[in-house]
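Right, one structure below, let's go through it.
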Amino acid sequence: MAFIGRAVRRLVSAARPPVAPLCRTSSRSYSTEHTSEKSVPYEKTLKQEEGASTGPTKPLPRSADVVVIGGGSIGCQTVYHLAKMGMTNVALLERDRLTAGTTWHTAGLLWQLRPSDVEVELLAHTRNVISKDLEEETGLHTGWIQNGGLFIASNKQRLDEYKRLMSLGKVYGIESYVLSPAETKELYPLMNIDDLYGTLYVPKDGTMDPAGTCTTLSRAATARGVTVIENCPVTGIQVRTDDLGVKKVKAVETPHGAIETPCVVNCAGVWATRLGEMAGVNVPLIAMHHAYVVTERIEGIQNMPNVRDHDASVYLRLQGDALSVGGYEQNPIFWEEVSDKFAFSLFDLDWDVFMQHIEGAINRVPVLEQTGIKSTVCGPESFTADHKPLMGEAPEVRGYFLGCGFNSAGMMLGGGCGRELAKWIIHGRPEKDMYGYDIRRFHSSLTDNARWIRERSHESYAKNYSVVFPFDEPLASRNMRKDPFHEVLTEQGCMFQERHGWERPGWFNKDGPAPPKKYDYYGAYNIRKNENYKYKELLGKEYTFDFPPHHDVIKSECLSCRHDVAVFNMSYFGKFYLTGPDAKKAADWLFSADVNKKPGSTVYTCMLNKRGGAEADLTVSRLEPGAAKLPLAPQSDGDAYYLAIGGGVAEHNWNHIRTVIQDQGFHCQLTDHSEDMGMISIQGPKSRQVLQEVLDADLSNEAFPFSTHKLVNAAGHQVRAMRLSFVGELGWELHIPKDSCFPVYRAVMAAGAKHGIINSGYRAIDSLSIEKGYRHWHADLRPDDTPLEAGLAFTCKLKSSIPFQGRETLERQKEEGLRRRIVCFTIDEKIPMFGLEAIFRNGVPVGHLRRADYGFFIDKTLGYGYIRNPDGGVVSADFIKTGEFTLERMGVAYKAKAHLKSPFDPENKRVKGIYE
């Protein structure tokens, strides 16, 4: 048997590896033969036995409440959790045998710490299910091994990232330790520590056995009444259209009959796209080869923790007395022709692609150079545009749910995601904030765009082990959606951010244009890398946990807004009209605030789910009835509303509104004019002076009060002007027809020149808004937060008798008191914070920051986070006032001051134009 070191050196020059390949095909084809027992990295597999029947293992039911398609990790977890929640008329259909697709060959690692509070909670649930719950329920051992996890840092930035994880872990009671190189060597004697900066050790991480886990999940679900049917491929999904034109799931077709059902869950992994096509649903994922090798026995490796060396892009998984070695490369192989006959099968390993992982592994554990390779495992995995799963109800068809695209993390996320998916199906929404996984996070124009799916999925795969910095942006598939101001702002040095496909201004570089270029795949696949790439160079300077080099540029944009005037391009906002006979009924039910003021009013409001959680925040403007003046006004004989929504979440909002309208049977229309209008916001003490020269309207407080809107002329072009502010200053938004955008912008800039007007971006908005205490949806405000907890009680019409979705929860919270609430914190030291920092009260962890930034006007770092009372009691104002708070950043605690009101302009004078 060849040693790894010599084998790799020979493999570079040879066409074939000297070890027996797992399938006798080229490296880019698939094997239709079942893999030999020797090649399987687990003692048990769920392989079909010789001579077994090729028909379904159980008779098909005529109907089911839910049909789950795919018997891998997420499919088994979903039916298990559905059954535990009392839904037992459920069928799971697997085309071959359980785990036959991608689950059977997964590495099965579970790391408890991730840079997301929700993911930490999802992973914790998976761990509980695998290590405790299943064994208690069934008496069967799932194969869980708690051998710990070790994260390797070769530089300060990487260790800083791990320290951030450690601080977040303290909030959730996850034990972890930062170790020196010497301490690491003591823990893992076979490790090379010469190039180590430090490590993060998590003792209760571990390894799962896919076969054992899925077998036990299946048995537990079956015991509760679920029907698990193997050898039963799905050949079609029937969809019906109801009387209101809504498409809904009707039945699942197989070669052995159909099952009538109102709900299908697509858990088919790399085959999920084809199942989507059967129902007219876009499933934006792509299949790639993903590989690891299994070594021969290594003396002294027993009981060692699993290792992730992100900087070497390699992981080392303990496998008894051997190691599995794998990682993520910049040139993964795409599986171009996904085969339906691929079951318990593997590809040949392409050593030219994989060799970089071997080199990294040998550097970290030198004994590997003299260790043989027992087997190679190269199978298909599904990957998505942001390396996050695809979950939730598909926008195209009601009752069609996704549980796929797990980016080789289906085992470790399966328990948490299976539970949330089950709640999604039963209750209409998950309990946790699953927006980061919700298919509705992607705009519909992207989910069927092959270039976007391929490029972004490649980049996400290639960057999977990169440090997660606060202000990173993708390089792939840029310039997909551009607003009318894009060209002029590019010329002025705009550094764009990508949101929902849109290019929106981030900040303004003073050294000229720096546009994103066509994606170069990081030089992979013989594609020439972009040269002299200014955008990439400036983005690289953002790769820090300190203040970025252009901190002063953002400061200048913020203070210009606070002292003079700034213009913000917010054209990427979603712009919807709600009209029709039941528009008022829909508005009353959808919006937490009373938006039925007189025409000309604009109201800031939330939209809630059934549990009172905030699905959105937005502004709703009541319109005058009348003839259409599109895009500025719709045709309306009665009630009509204009909805302005943050562009990065517009698809989510659109689908939430549409779903509520369908569920309630309201007769009204929702129309999207996001692409037809641009939008600029002019903010600051001098905004009235600037706009008075441009608009043909009286802008005084009496004639144009805050939270009102009018159709006016701007430099000869009709626009809708709204007196609103996202930054806490006197200001107006101009909603402008597309063709009028540039002349209106030019007129504003000309009028503002003598007042010092400048362009500002969203980095400034982030700072200004947090300084003022304005909430950002999906940061300070999420579907698992109620408006009362978020300090937004003023957006709720609880003093009225008007019913609205989620009202009962809010009334109960108001009566019982809040068990958690958002609090503002400031620190005196000039230290950057970005969110996820732990919050301690009197030395006890009570929460973490959701969002943090630097406030340039108050000259302090500030952040917002939700805190709980450790004894489970009410979080009262007195509880906050009497506590001594600290914020922990990277293991260092900083004394913090808690504020019940915004430290900036708490009396809201500035938005009213009152400047002292």
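Simple scheme: letters A, B, ... for chains in structure tokens order, numbers from 1 for residues in each chain, numbers from 1 for ligands in the order shown.
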
Task: Residues within 9 Å of Ala893 of chain A, only C-alpha atoms, excluding chain neighbours under 5 positions, as number ranges by chain - done: A: 838, 840, 886-888

Leaving out Ala124 of chain A and any residue of its chain fewer than 2 positions from it, which residues lie within 10 Å of it when counting only C-alpha atoms, given as a short mmCIF file (atom, residue, chain, number, x, y, z; two decimals) with N, CA and C atoms, in the first residue's frame?
```cif
data_model
loop_
_atom_site.label_atom_id
_atom_site.label_comp_id
_atom_site.auth_asym_id
_atom_site.auth_seq_id
_atom_site.Cartn_x
_atom_site.Cartn_y
_atom_site.Cartn_z
N LEU A 110 -19.99 17.07 13.39
CA LEU A 110 -20.85 18.06 14.01
C LEU A 110 -19.99 19.03 14.83
N TRP A 111 -19.99 20.29 14.38
CA TRP A 111 -19.31 21.37 15.08
C TRP A 111 -20.39 22.25 15.68
N GLN A 112 -20.29 22.57 16.96
CA GLN A 112 -21.37 23.30 17.62
C GLN A 112 -21.35 24.80 17.40
N LEU A 113 -20.18 25.35 17.06
CA LEU A 113 -20.05 26.81 16.97
C LEU A 113 -20.02 27.26 15.52
N VAL A 118 -28.68 31.51 15.28
CA VAL A 118 -29.70 30.54 14.88
C VAL A 118 -29.05 29.20 14.56
N GLU A 119 -27.93 29.22 13.84
CA GLU A 119 -27.26 27.96 13.50
C GLU A 119 -26.74 27.26 14.75
N VAL A 120 -26.26 28.02 15.73
CA VAL A 120 -25.83 27.41 16.98
C VAL A 120 -27.00 26.66 17.63
N GLU A 121 -28.18 27.25 17.58
CA GLU A 121 -29.36 26.61 18.15
C GLU A 121 -29.78 25.38 17.34
N LEU A 122 -29.71 25.46 16.03
CA LEU A 122 -30.05 24.32 15.18
C LEU A 122 -29.11 23.15 15.43
N THR A 126 -29.76 19.23 16.86
CA THR A 126 -29.28 18.01 16.20
C THR A 126 -28.49 17.16 17.18
N ARG A 127 -27.60 17.80 17.90
CA ARG A 127 -26.76 17.06 18.85
C ARG A 127 -27.61 16.36 19.91
N ASN A 128 -28.62 17.06 20.42
CA ASN A 128 -29.49 16.45 21.42
C ASN A 128 -30.25 15.25 20.87
N VAL A 129 -30.76 15.39 19.65
CA VAL A 129 -31.51 14.28 19.03
C VAL A 129 -30.60 13.07 18.84
N TYR A 172 -24.79 30.43 24.96
CA TYR A 172 -25.55 29.19 24.80
C TYR A 172 -24.99 28.04 25.64
N ILE A 174 -22.04 26.68 25.58
CA ILE A 174 -21.17 25.75 24.85
C ILE A 174 -19.74 25.92 25.35
N MET A 412 -25.32 17.50 10.16
CA MET A 412 -25.24 18.29 11.39
C MET A 412 -26.37 19.32 11.51
N LEU A 413 -26.92 19.79 10.40
CA LEU A 413 -28.04 20.72 10.47
C LEU A 413 -29.39 20.01 10.46
N GLY A 415 -31.14 17.81 12.28
CA GLY A 415 -32.05 17.76 13.42
C GLY A 415 -32.76 19.09 13.63
N GLY A 416 -31.99 20.17 13.70
CA GLY A 416 -32.58 21.48 13.89
C GLY A 416 -33.47 21.89 12.73
#
```

Applying 8 Å and only C-alpha atoms, which residues near Gly638 of chain A remain after dropping the ones on its own chain fewer than 6 positions away? List them as a PDB file with all heavy atoms, in the first residue's frame.
```pdb
ATOM      1  N   THR A 579     -54.316  47.156  -3.982  1.00  0.00           N
ATOM      2  CA  THR A 579     -55.561  47.770  -4.434  1.00  0.00           C
ATOM      3  C   THR A 579     -56.659  46.710  -4.505  1.00  0.00           C
ATOM      4  O   THR A 579     -56.406  45.520  -4.357  1.00  0.00           O
ATOM      5  CB  THR A 579     -55.386  48.408  -5.829  1.00  0.00           C
ATOM      6  OG1 THR A 579     -54.955  47.382  -6.753  1.00  0.00           O
ATOM      7  CG2 THR A 579     -54.359  49.519  -5.816  1.00  0.00           C
ATOM      8  N   GLY A 580     -57.885  47.157  -4.768  1.00  0.00           N
ATOM      9  CA  GLY A 580     -58.983  46.219  -4.963  1.00  0.00           C
ATOM     10  C   GLY A 580     -60.067  46.344  -3.913  1.00  0.00           C
ATOM     11  O   GLY A 580     -59.914  47.076  -2.916  1.00  0.00           O
ATOM     12  N   PRO A 581     -61.173  45.617  -4.101  1.00  0.00           N
ATOM     13  CA  PRO A 581     -62.332  45.754  -3.204  1.00  0.00           C
ATOM     14  C   PRO A 581     -62.024  45.481  -1.733  1.00  0.00           C
ATOM     15  O   PRO A 581     -62.599  46.129  -0.860  1.00  0.00           O
ATOM     16  CB  PRO A 581     -63.325  44.715  -3.758  1.00  0.00           C
ATOM     17  CG  PRO A 581     -62.903  44.472  -5.161  1.00  0.00           C
ATOM     18  CD  PRO A 581     -61.429  44.681  -5.202  1.00  0.00           C
ATOM     19  N   PRO A 625     -57.903  57.875  -4.273  1.00  0.00           N
ATOM     20  CA  PRO A 625     -58.451  57.104  -5.391  1.00  0.00           C
ATOM     21  C   PRO A 625     -58.406  57.936  -6.667  1.00  0.00           C
ATOM     22  O   PRO A 625     -58.411  59.169  -6.625  1.00  0.00           O
ATOM     23  CB  PRO A 625     -59.890  56.826  -4.953  1.00  0.00           C
ATOM     24  CG  PRO A 625     -60.223  57.869  -3.948  1.00  0.00           C
ATOM     25  CD  PRO A 625     -58.920  58.225  -3.270  1.00  0.00           C
TER      26      PRO A 625
END
```

TODO: Run DSSP on the backbone and give me the residues of segment 736-910 of chain A it puts in strand (DSSP E), as a PyMOL selection string.
DONE: chain A and resi 736-737+758-760+820-827+838-841+844-855+860-868+885-889+892-899

- [ ] May I ask which of the residues A:Val875, A:Leu578, A:Leu165, A:Ala721 is the closest one to Thr708 of chain A, counting only C-alpha atoms?
- [x]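 Selected residue with least distance to Thr708 of chain A: A:Ala721.
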
Which residues are close to Ile301 of chain A, i.e. within 12 Å by only C-alpha atoms, leaving aside same-chain residues fewer than 4 positions away? Reply as a PDB file with N, CA, C and O atoms, in the first residue's frame.
```
ATOM      1  N   ASN A 147     -15.944  13.107  20.469  1.00  0.00           N
ATOM      2  CA  ASN A 147     -14.484  13.154  20.595  1.00  0.00           C
ATOM      3  C   ASN A 147     -13.932  14.571  20.539  1.00  0.00           C
ATOM      4  O   ASN A 147     -12.718  14.775  20.592  1.00  0.00           O
ATOM      5  N   LEU A 187      -2.717  18.358  23.793  1.00  0.00           N
ATOM      6  CA  LEU A 187      -3.996  17.716  23.506  1.00  0.00           C
ATOM      7  C   LEU A 187      -3.890  16.751  22.329  1.00  0.00           C
ATOM      8  O   LEU A 187      -4.493  15.676  22.339  1.00  0.00           O
ATOM      9  N   TYR A 188      -3.103  17.139  21.310  1.00  0.00           N
ATOM     10  CA  TYR A 188      -3.038  16.386  20.048  1.00  0.00           C
ATOM     11  C   TYR A 188      -1.564  16.184  19.707  1.00  0.00           C
ATOM     12  O   TYR A 188      -0.989  16.912  18.901  1.00  0.00           O
ATOM     13  N   PRO A 189      -0.921  15.189  20.322  1.00  0.00           N
ATOM     14  CA  PRO A 189       0.541  15.032  20.198  1.00  0.00           C
ATOM     15  C   PRO A 189       1.038  14.854  18.764  1.00  0.00           C
ATOM     16  O   PRO A 189       2.194  15.193  18.468  1.00  0.00           O
ATOM     17  N   LEU A 190       0.220  14.340  17.855  1.00  0.00           N
ATOM     18  CA  LEU A 190       0.670  14.101  16.485  1.00  0.00           C
ATOM     19  C   LEU A 190       0.647  15.358  15.619  1.00  0.00           C
ATOM     20  O   LEU A 190       1.028  15.321  14.458  1.00  0.00           O
ATOM     21  N   MET A 191       0.218  16.491  16.187  1.00  0.00           N
ATOM     22  CA  MET A 191       0.041  17.691  15.385  1.00  0.00           C
ATOM     23  C   MET A 191       1.324  18.501  15.271  1.00  0.00           C
ATOM     24  O   MET A 191       2.072  18.670  16.230  1.00  0.00           O
ATOM     25  N   THR A 295      -7.622   6.950   5.658  1.00  0.00           N
ATOM     26  CA  THR A 295      -6.262   6.426   5.792  1.00  0.00           C
ATOM     27  C   THR A 295      -6.248   5.032   6.404  1.00  0.00           C
ATOM     28  O   THR A 295      -7.248   4.544   6.933  1.00  0.00           O
ATOM     29  N   GLU A 296      -5.091   4.432   6.327  1.00  0.00           N
ATOM     30  CA  GLU A 296      -4.835   3.204   7.080  1.00  0.00           C
ATOM     31  C   GLU A 296      -4.693   3.572   8.564  1.00  0.00           C
ATOM     32  O   GLU A 296      -4.729   4.744   8.943  1.00  0.00           O
ATOM     33  N   ARG A 297      -4.484   2.578   9.391  1.00  0.00           N
ATOM     34  CA  ARG A 297      -4.367   2.778  10.829  1.00  0.00           C
ATOM     35  C   ARG A 297      -3.208   3.717  11.164  1.00  0.00           C
ATOM     36  O   ARG A 297      -2.139   3.660  10.552  1.00  0.00           O
ATOM     37  N   PRO A 305      -9.460  14.628  18.864  1.00  0.00           N
ATOM     38  CA  PRO A 305     -10.599  15.405  18.346  1.00  0.00           C
ATOM     39  C   PRO A 305     -10.555  15.525  16.826  1.00  0.00           C
ATOM     40  O   PRO A 305      -9.495  15.362  16.202  1.00  0.00           O
ATOM     41  N   ASN A 306     -11.709  15.814  16.241  1.00  0.00           N
ATOM     42  CA  ASN A 306     -11.751  16.161  14.826  1.00  0.00           C
ATOM     43  C   ASN A 306     -11.112  17.539  14.643  1.00  0.00           C
ATOM     44  O   ASN A 306     -11.151  18.369  15.547  1.00  0.00           O
ATOM     45  N   VAL A 307     -10.530  17.764  13.474  1.00  0.00           N
ATOM     46  CA  VAL A 307      -9.760  18.990  13.232  1.00  0.00           C
ATOM     47  C   VAL A 307     -10.288  19.704  11.996  1.00  0.00           C
ATOM     48  O   VAL A 307     -10.569  19.073  10.971  1.00  0.00           O
ATOM     49  N   LEU A 316      -9.875  16.949   9.284  1.00  0.00           N
ATOM     50  CA  LEU A 316      -9.375  15.633   9.648  1.00  0.00           C
ATOM     51  C   LEU A 316     -10.388  15.031  10.628  1.00  0.00           C
ATOM     52  O   LEU A 316     -10.487  15.486  11.768  1.00  0.00           O
ATOM     53  N   ARG A 317     -11.103  14.037  10.163  1.00  0.00           N
ATOM     54  CA  ARG A 317     -12.150  13.410  10.980  1.00  0.00           C
ATOM     55  C   ARG A 317     -11.651  12.095  11.533  1.00  0.00           C
ATOM     56  O   ARG A 317     -11.166  11.232  10.789  1.00  0.00           O
ATOM     57  N   LEU A 318     -11.753  11.936  12.851  1.00  0.00           N
ATOM     58  CA  LEU A 318     -11.353  10.673  13.464  1.00  0.00           C
ATOM     59  C   LEU A 318     -12.292   9.568  13.000  1.00  0.00           C
ATOM     60  O   LEU A 318     -13.508   9.719  13.027  1.00  0.00           O
ATOM     61  N   GLN A 319     -11.699   8.467  12.583  1.00  0.00           N
ATOM     62  CA  GLN A 319     -12.474   7.309  12.147  1.00  0.00           C
ATOM     63  C   GLN A 319     -11.867   6.055  12.775  1.00  0.00           C
ATOM     64  O   GLN A 319     -11.109   5.333  12.141  1.00  0.00           O
ATOM     65  N   GLY A 320     -12.200   5.874  14.045  1.00  0.00           N
ATOM     66  CA  GLY A 320     -11.617   4.747  14.773  1.00  0.00           C
ATOM     67  C   GLY A 320     -10.139   4.982  15.015  1.00  0.00           C
ATOM     68  O   GLY A 320      -9.748   5.889  15.755  1.00  0.00           O
ATOM     69  N   ASP A 321      -9.297   4.173  14.374  1.00  0.00           N
ATOM     70  CA  ASP A 321      -7.844   4.344  14.506  1.00  0.00           C
ATOM     71  C   ASP A 321      -7.254   4.920  13.224  1.00  0.00           C
ATOM     72  O   ASP A 321      -6.070   4.755  12.941  1.00  0.00           O
ATOM     73  N   ALA A 322      -8.111   5.610  12.441  1.00  0.00           N
ATOM     74  CA  ALA A 322      -7.667   6.223  11.188  1.00  0.00           C
ATOM     75  C   ALA A 322      -8.264   7.619  11.077  1.00  0.00           C
ATOM     76  O   ALA A 322      -8.969   8.087  11.980  1.00  0.00           O
ATOM     77  N   LEU A 323      -7.957   8.270   9.973  1.00  0.00           N
ATOM     78  CA  LEU A 323      -8.502   9.601   9.711  1.00  0.00           C
ATOM     79  C   LEU A 323      -9.168   9.643   8.344  1.00  0.00           C
ATOM     80  O   LEU A 323      -8.712   8.999   7.405  1.00  0.00           O
ATOM     81  N   SER A 324     -10.251  10.434   8.257  1.00  0.00           N
ATOM     82  CA  SER A 324     -10.785  10.850   6.963  1.00  0.00           C
ATOM     83  C   SER A 324     -10.261  12.259   6.708  1.00  0.00           C
ATOM     84  O   SER A 324     -10.291  13.108   7.601  1.00  0.00           O
ATOM     85  N   VAL A 365      -0.554  17.122  10.257  1.00  0.00           N
ATOM     86  CA  VAL A 365      -0.265  15.859  10.966  1.00  0.00           C
ATOM     87  C   VAL A 365       0.791  15.112  10.143  1.00  0.00           C
ATOM     88  O   VAL A 365       0.469  14.306   9.272  1.00  0.00           O
ATOM     89  N   VAL A 367       2.668  12.614  10.386  1.00  0.00           N
ATOM     90  CA  VAL A 367       2.705  11.154  10.283  1.00  0.00           C
ATOM     91  C   VAL A 367       1.906  10.660   9.084  1.00  0.00           C
ATOM     92  O   VAL A 367       2.121   9.546   8.599  1.00  0.00           O
ATOM     93  N   LEU A 368       1.016  11.499   8.558  1.00  0.00           N
ATOM     94  CA  LEU A 368       0.221  11.092   7.396  1.00  0.00           C
ATOM     95  C   LEU A 368       1.083  10.829   6.168  1.00  0.00           C
ATOM     96  O   LEU A 368       0.701  10.069   5.281  1.00  0.00           O
ATOM     97  N   THR A 371       1.606   7.254   5.937  1.00  0.00           N
ATOM     98  CA  THR A 371       0.391   6.482   6.182  1.00  0.00           C
ATOM     99  C   THR A 371      -0.277   6.131   4.857  1.00  0.00           C
ATOM    100  O   THR A 371      -0.369   6.974   3.958  1.00  0.00           O
TER     101      THR A 371
END
```

TODO: Could you give me, as JSON, numbers by chain, the residues within 7 Å of Trp732 of chain A, counting only C-alpha atoms and dropping anything in the same chain fewer than 6 positions from it?
DONE: {"A": [681, 682, 683, 721, 722, 723, 724, 725]}

Task: Counting only C-alpha atoms, the option among A:Asp676, A:Glu94, A:Glu503, A:Asp340 closest to Glu487 of chain A - done: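 Counting only C-alpha atoms, the residue closest to Glu487 of chain A is A:Glu503.
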
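When only C-alpha atoms are used to measure the gap to Ser375 of chain A, the shortest distance among A:Cys417, A:Glu615, A:Val294, A:Asp588 belongs to A:Val294.
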
Open item on the list: Env of Glu455 of chain A: 9 Å cut, atoms = only C-alpha atoms, seq-sep filter 4 positions within chain, self excluded. Answer as a count of residues only.
Closed with: 9

Open item on the list: Calculated over only C-alpha atoms, which of the candidates A:Ser621, A:Thr216, A:Ser466, A:Ser592 has the smallest distance to Ser73 of chain A?
Closed with: A:Thr216
